[in-house]
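J.: Here you go, query_14.cif (mmCIF, C-alpha atoms and all ligand atoms):
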```
data_structure
loop_
_atom_site.label_atom_id
_atom_site.label_comp_id
_atom_site.auth_asym_id
_atom_site.auth_seq_id
_atom_site.Cartn_x
_atom_site.Cartn_y
_atom_site.Cartn_z
CA MET A 29 8.30 -1.66 2.08
CA LYS A 30 11.87 -2.90 1.90
CA LEU A 31 13.27 -6.40 2.40
CA ALA A 32 16.79 -7.47 3.36
CA VAL A 33 18.38 -10.51 1.70
CA ILE A 34 21.10 -11.76 4.04
CA VAL A 35 24.34 -12.93 2.47
CA PHE A 36 26.23 -15.56 4.47
CA PRO A 37 29.60 -17.01 3.45
CA GLY A 38 28.50 -19.88 1.21
CA SER A 39 25.06 -18.55 0.31
CA ASN A 40 24.35 -19.45 -3.32
CA CYS A 41 20.71 -18.48 -3.79
CA ASP A 42 21.08 -14.90 -2.57
CA HIS A 43 21.15 -13.48 -6.09
CA ASP A 44 18.16 -15.59 -7.13
CA LEU A 45 16.18 -14.34 -4.14
CA LEU A 46 17.08 -10.68 -4.74
CA TRP A 47 16.34 -11.05 -8.47
CA ALA A 48 12.94 -12.62 -7.85
CA ALA A 49 11.93 -10.07 -5.21
CA LYS A 50 13.32 -6.97 -6.91
CA ASN A 51 13.35 -7.55 -10.65
CA ILE A 52 10.37 -9.85 -11.02
CA ALA A 53 8.03 -8.96 -8.15
CA ASN A 54 9.05 -5.28 -7.92
CA ILE A 55 9.67 -5.42 -4.19
CA ASP A 56 12.34 -3.05 -2.91
CA ALA A 57 15.12 -5.32 -1.64
CA GLU A 58 18.82 -5.14 -0.86
CA PHE A 59 21.66 -7.44 0.15
CA VAL A 60 22.78 -7.22 3.78
CA SER A 61 25.99 -8.93 4.92
CA HIS A 62 25.90 -11.49 7.74
CA ASN A 63 28.44 -9.22 9.46
CA GLU A 64 26.02 -6.30 9.85
CA THR A 65 24.43 -5.68 13.22
CA SER A 66 21.41 -3.64 12.15
CA LEU A 67 18.35 -4.13 9.99
CA ASP A 68 17.10 -0.59 10.54
CA GLY A 69 15.18 0.65 7.54
CA PHE A 70 13.97 -2.83 6.56
CA ASP A 71 10.47 -4.23 7.01
CA GLY A 72 11.28 -7.89 6.50
CA VAL A 73 14.18 -10.27 6.06
CA LEU A 74 14.84 -13.15 3.64
CA LEU A 75 17.42 -15.87 4.36
CA PRO A 76 18.61 -17.51 1.13
CA GLY A 77 19.60 -21.06 0.31
CA GLY A 78 23.13 -22.31 0.01
CA PHE A 79 25.90 -23.90 1.98
CA SER A 80 26.56 -21.32 4.69
CA TYR A 81 29.93 -21.99 6.32
CA GLY A 82 30.27 -25.06 4.13
CA ASP A 83 27.49 -26.87 6.03
CA TYR A 84 30.09 -27.65 8.69
CA LEU A 85 28.78 -29.17 11.98
CA ARG A 86 25.22 -29.13 10.64
CA CYS A 87 23.58 -27.07 7.91
CA GLY A 88 22.94 -23.60 9.37
CA ALA A 89 24.55 -24.38 12.74
CA ILE A 90 27.34 -21.82 12.34
CA ALA A 91 25.39 -19.19 10.38
CA ARG A 92 22.95 -19.07 13.25
CA PHE A 93 25.66 -17.27 15.29
CA SER A 94 26.31 -14.56 12.65
CA ASN A 95 26.19 -10.95 13.82
CA ILE A 96 23.00 -10.25 11.87
CA MET A 97 21.08 -13.06 13.55
CA ASP A 98 20.34 -10.98 16.68
CA GLU A 99 18.42 -8.66 14.38
CA VAL A 100 16.67 -11.56 12.66
CA VAL A 101 15.59 -12.81 16.10
CA ARG A 102 14.38 -9.30 16.97
CA PHE A 103 12.36 -9.15 13.73
CA ALA A 104 10.83 -12.54 14.52
CA GLU A 105 9.91 -11.47 18.04
CA GLU A 106 8.47 -8.13 16.88
CA GLY A 107 6.17 -9.91 14.43
CA LYS A 108 8.02 -8.69 11.34
CA LEU A 109 8.27 -10.85 8.23
CA VAL A 110 11.08 -13.42 8.38
CA PHE A 111 11.53 -16.00 5.62
CA GLY A 112 14.07 -18.72 5.02
CA THR A 113 14.29 -21.05 2.06
CA CYS A 114 16.34 -24.23 2.14
CA ASN A 115 19.56 -23.33 4.00
CA GLY A 116 17.57 -20.32 5.28
CA PHE A 117 15.02 -22.74 6.77
CA GLN A 118 17.86 -24.74 8.35
CA ILE A 119 19.29 -21.54 9.87
CA LEU A 120 15.86 -20.63 11.29
CA THR A 121 15.49 -24.02 13.00
CA GLU A 122 19.07 -23.85 14.31
CA ALA A 123 18.29 -20.39 15.70
CA GLY A 124 15.22 -21.77 17.46
CA LEU A 125 12.89 -19.47 15.53
CA LEU A 126 11.10 -22.50 14.06
CA PRO A 127 10.53 -25.86 15.76
CA GLY A 128 12.06 -29.14 14.60
CA VAL A 129 15.18 -30.01 12.63
CA LEU A 130 16.18 -30.85 9.06
CA LEU A 131 17.80 -34.29 8.91
CA LYS A 132 19.66 -35.87 6.02
CA ASN A 133 17.37 -36.95 3.20
CA LYS A 134 16.10 -40.48 3.68
CA SER A 135 18.02 -41.57 0.55
CA LEU A 136 21.17 -39.93 1.98
CA SER A 137 21.65 -38.26 -1.41
CA PHE A 138 21.39 -34.67 -2.50
CA ILE A 139 18.12 -34.20 -4.39
CA CYS A 140 17.73 -31.56 -7.09
CA LYS A 141 14.43 -31.59 -8.98
CA THR A 142 11.10 -29.86 -9.38
CA THR A 143 8.58 -31.31 -7.00
CA PRO A 144 4.79 -31.05 -6.52
CA LEU A 145 3.59 -29.35 -3.35
CA LYS A 146 0.27 -28.60 -1.72
CA VAL A 147 -0.44 -25.18 -0.22
CA VAL A 148 -2.26 -26.44 2.85
CA ASN A 149 -2.46 -23.06 4.56
CA ASN A 150 -3.23 -20.11 2.31
CA THR A 151 -4.05 -17.74 5.17
CA THR A 152 -0.45 -16.72 5.89
CA ILE A 153 1.32 -13.51 4.92
CA PHE A 154 3.42 -15.66 2.55
CA THR A 155 0.67 -17.68 0.85
CA ASN A 156 -2.50 -15.53 0.70
CA ALA A 157 -2.35 -15.33 -3.11
CA TYR A 158 -2.63 -19.13 -3.49
CA GLU A 159 -5.84 -21.15 -3.44
CA GLU A 160 -6.38 -23.46 -0.48
CA ASN A 161 -4.84 -26.87 -1.29
CA GLU A 162 -3.49 -25.50 -4.58
CA LEU A 163 -1.04 -27.92 -6.20
CA ILE A 164 2.12 -26.12 -7.26
CA HIS A 165 5.54 -27.12 -8.57
CA LEU A 166 8.75 -25.73 -7.07
CA PRO A 167 12.38 -26.84 -7.30
CA ILE A 168 14.13 -28.48 -4.35
CA ALA A 169 17.92 -28.78 -4.06
CA HIS A 170 19.09 -30.14 -0.75
CA GLY A 171 20.89 -32.90 1.08
CA GLU A 172 19.25 -32.24 4.44
CA GLY A 173 15.59 -31.48 3.94
CA ASN A 174 14.05 -34.32 5.91
CA TYR A 175 11.92 -32.43 8.43
CA TYR A 176 11.61 -34.00 11.85
CA CYS A 177 10.08 -33.02 15.19
CA ASP A 178 8.68 -34.91 18.19
CA GLU A 179 5.05 -35.98 18.37
CA GLU A 180 4.01 -33.17 20.70
CA THR A 181 5.52 -30.55 18.40
CA LEU A 182 3.85 -32.12 15.36
CA GLN A 183 0.51 -31.97 17.14
CA GLU A 184 1.12 -28.29 17.97
CA LEU A 185 2.02 -27.56 14.34
CA LYS A 186 -1.25 -29.17 13.25
CA ASP A 187 -3.38 -27.55 15.96
CA ASN A 188 -2.00 -24.07 15.20
CA ASN A 189 -2.23 -24.44 11.43
CA GLN A 190 1.54 -23.95 11.15
CA ILE A 191 2.06 -26.49 8.36
CA VAL A 192 1.96 -24.38 5.21
CA PHE A 193 3.39 -26.54 2.42
CA THR A 194 3.37 -30.34 2.15
CA TYR A 195 4.99 -32.55 -0.47
CA ALA A 196 2.54 -34.29 -2.79
CA ASP A 197 5.21 -36.90 -3.47
CA ASN A 198 7.51 -36.94 -0.44
CA PRO A 199 11.08 -36.80 -1.83
CA ASN A 200 13.16 -36.80 1.36
CA GLY A 201 11.33 -38.63 4.16
CA SER A 202 9.95 -35.51 5.86
CA LEU A 203 7.60 -36.18 8.74
CA ALA A 204 3.95 -35.72 7.72
CA ASP A 205 5.19 -34.69 4.23
CA ILE A 206 6.16 -31.30 5.68
CA ALA A 207 7.86 -28.94 3.21
CA GLY A 208 7.31 -25.63 5.01
CA ILE A 209 6.12 -24.36 8.38
CA THR A 210 5.55 -21.09 10.20
CA ASN A 211 6.13 -20.17 13.80
CA LYS A 212 3.08 -19.96 16.06
CA ALA A 213 2.59 -16.25 15.36
CA GLY A 214 2.75 -16.86 11.59
CA ASN A 215 5.35 -14.19 10.78
CA VAL A 216 8.29 -16.60 10.34
CA LEU A 217 8.18 -19.11 7.47
CA GLY A 218 10.77 -21.73 6.61
CA MET A 219 10.49 -24.01 3.59
CA MET A 220 12.87 -26.37 1.79
CA PRO A 221 11.56 -25.70 -1.77
CA HIS A 222 12.70 -22.58 -3.62
CA PRO A 223 9.91 -20.19 -4.68
CA GLU A 224 12.54 -17.76 -6.01
CA ARG A 225 13.64 -20.34 -8.58
CA ALA A 226 10.16 -20.56 -10.08
CA VAL A 227 9.22 -17.01 -11.02
CA GLU A 228 9.69 -16.99 -14.78
CA GLU A 229 8.49 -19.32 -17.52
CA LEU A 230 12.12 -19.66 -18.56
CA LEU A 231 12.80 -21.40 -15.24
CA GLY A 232 10.20 -24.09 -15.90
CA SER A 233 7.56 -22.87 -13.43
CA GLU A 234 6.01 -19.60 -12.36
CA ASP A 235 4.38 -21.13 -9.30
CA GLY A 236 6.69 -19.23 -6.94
CA LEU A 237 5.38 -15.86 -8.11
CA LYS A 238 2.33 -15.96 -5.86
CA PHE A 239 4.66 -16.29 -2.88
CA PHE A 240 5.99 -12.80 -3.64
CA THR A 241 2.51 -11.50 -4.54
CA SER A 242 1.32 -12.70 -1.12
CA ILE A 243 4.03 -10.65 0.59
CA ILE A 244 3.05 -7.58 -1.45
CA ASN A 245 -0.62 -8.16 -0.53
CA HIS A 246 0.34 -8.36 3.13
CA PHE A 247 2.24 -5.08 3.13
CA LYS A 248 -0.58 -3.35 1.22
CA GLU A 249 -2.98 -4.52 3.89
CA VAL A 250 -0.69 -3.31 6.68
CA ALA A 251 -0.40 0.10 4.99
CA ASN A 252 -4.19 0.55 4.82
N1 LIG B 1 19.98 -25.27 -1.58
C1 LIG B 1 20.26 -25.25 -0.28
O1 LIG B 1 20.03 -24.28 0.41
C2 LIG B 1 20.94 -26.46 0.31
C3 LIG B 1 20.92 -26.46 1.80
C4 LIG B 1 21.93 -27.39 2.42
N2 LIG B 1 23.26 -27.04 2.04
C5 LIG B 1 21.58 -28.82 2.09
O2 LIG B 1 22.21 -29.42 1.26
O3 LIG B 1 20.66 -29.34 2.65
#
```
Can you give me the file's structure in the form of structure tokens?
T.:
Amino acid sequence: MKLAVIVFPGSNCDHDLLWAAKNIANIDAEFVSHNETSLDGFDGVLLPGGFSYGDYLRCGAIARFSNIMDEVVRFAEEGKLVFGTCNGFQILTEAGLLPGVLLKNKSLSFICKTTPLKVVNNTTIFTNAYEENELIHLPIAHGEGNYYCDEETLQELKDNNQIVFTYADNPNGSLADIAGITNKAGNVLGMMPHPERAVEELLGSEDGLKFFTSIINHFKEVAN
């Protein structure tokens, strides 16, 4: 099993994501430039946080047209693992791979802190190692993390069990306290918090480790 970590101009969590996957969780992973046109040889793709293209127009709005995104769309459609954290989540919504949008935080300020979250769906390929409703602590660092969608979409998210993480203490005004959602098929996850920044005691929390363990569990299951 091998994962690609996409590097966009302005990504700043790409090294954190590769470090967490490769050096901490022992998942084979490699950087892939946004300019590449193929993800052959990879089983899943991770979109890191950052300020791709300087957040111009809207966060993720330009990155969504990168060469590699056709392959990310293909992975999503083929049911392969696709994950985006923070700016990665914004790119996934801009690409139409996840419903809704990320608006400016209600406070209009950039928020950088560790925040409590609830794992409301532990049946996904990204969260199977967590307990249902487990309370975890992960860092957030964003200016535009205020999730919004229309009522019909929210109902669909609820009906299909697509809401995966909710904030226990809503920091940014997100609708229904949403911190992370999947697509309908469950193979694409976007979340504003950073599991990759919480994988070592040194970082203040190890609560992100089970995110990577979940992915390993999933691939073990697929292999059997
Ligand atoms: N850490 C990040 O990925 C930040 C995402 C985006 N630049 C924002 O401020 O919302």
J.: Identify which of the residues A:Cys140, A:Leu145, A:Ala226, A:Val110 lies closest to Gly214 (chain A), counting all atoms listed in the file when measuring atom-to-atom distances.
T.: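 Of the candidates, the smallest distance to Gly214 (chain A) is held by A:Val110.
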J.: Contacts of Ala196 (chain A) at 10 Å or less, counting only C-alpha atoms, minus same-chain residues fewer than 5 places along, as a list in words?
T.: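 After dropping sequence-adjacent residues, the list is Thr143, Pro144, Leu145, Lys146, Val147, Leu163, Ile164, His165, Asp205, Ile206 and Ala207 of chain A.
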J.: List all protein, DNA and RNA residues that have at least one atom no more than 6 Å from any atom of ligand LIG 1 (chain B), counting all atoms listed in the file, and write them as a VMD selection string.
T.: chain A and resid 77 to 79 83 87 114 to 115 169 to 173
J.: Those same residues - C-alpha atoms - I'd like them written as an mmCIF file, keeping the file's coordinate frame.
T.:
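Listing of again15.cif after writing:
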```
data_model
loop_
_atom_site.group_PDB
_atom_site.id
_atom_site.type_symbol
_atom_site.label_atom_id
_atom_site.label_comp_id
_atom_site.auth_asym_id
_atom_site.auth_seq_id
_atom_site.Cartn_x
_atom_site.Cartn_y
_atom_site.Cartn_z
ATOM 1 C CA GLY A 77 19.600 -21.060 0.310
ATOM 2 C CA GLY A 78 23.130 -22.310 0.010
ATOM 3 C CA PHE A 79 25.900 -23.900 1.980
ATOM 4 C CA ASP A 83 27.490 -26.870 6.030
ATOM 5 C CA CYS A 87 23.580 -27.070 7.910
ATOM 6 C CA CYS A 114 16.340 -24.230 2.140
ATOM 7 C CA ASN A 115 19.560 -23.330 4.000
ATOM 8 C CA ALA A 169 17.920 -28.780 -4.060
ATOM 9 C CA HIS A 170 19.090 -30.140 -0.750
ATOM 10 C CA GLY A 171 20.890 -32.900 1.080
ATOM 11 C CA GLU A 172 19.250 -32.240 4.440
ATOM 12 C CA GLY A 173 15.590 -31.480 3.940
#
```
J.: For each of A:Thr113, A:Thr142, A:Phe59, A:Pro127, take the minimum atom-to-atom distance to Gln183 (chain A), counting all atoms listed in the file, then give the residue where this is smallest.
T.: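 Of A:Thr113, A:Thr142, A:Phe59, A:Pro127, the one nearest Gln183 (chain A) is A:Pro127, counting all atoms listed in the file.
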J.: Closest to Arg92 (chain A) among A:Ile52, A:Ile139, A:Ile34, A:Val227, using all atoms listed in the file?
T.: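 Closest candidate: A:Ile34.
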J.: Mind giving me the straight-line distance from CA of Lys141 (chain A) to CA of Gly201 (chain A) in Å, one decimal?
T.: 15.2 Å
J.: Using all atoms listed in the file, what residues lie at most 12 Å away from (-1.0, -7.5, -0.1) (file coordinates), given as number ranges by chain?
T.: A: 29, 55, 151-157, 238-252
J.: What residues have an atom no more than 8 Å from (5.6, -27.9, 14.8) in the file's own frame, counting only C-alpha atoms, and can you write them as JSON, numbers by chain?
T.: {"A": [126, 127, 128, 177, 181, 182, 183, 184, 185, 186, 190, 191, 209, 211]}
J.: Which residues come within 8 Å of Glu99 (chain A), counting all atoms listed in the file, excluding same-chain residues fewer than 6 positions away, as number ranges by chain?
T.: A: 65-67
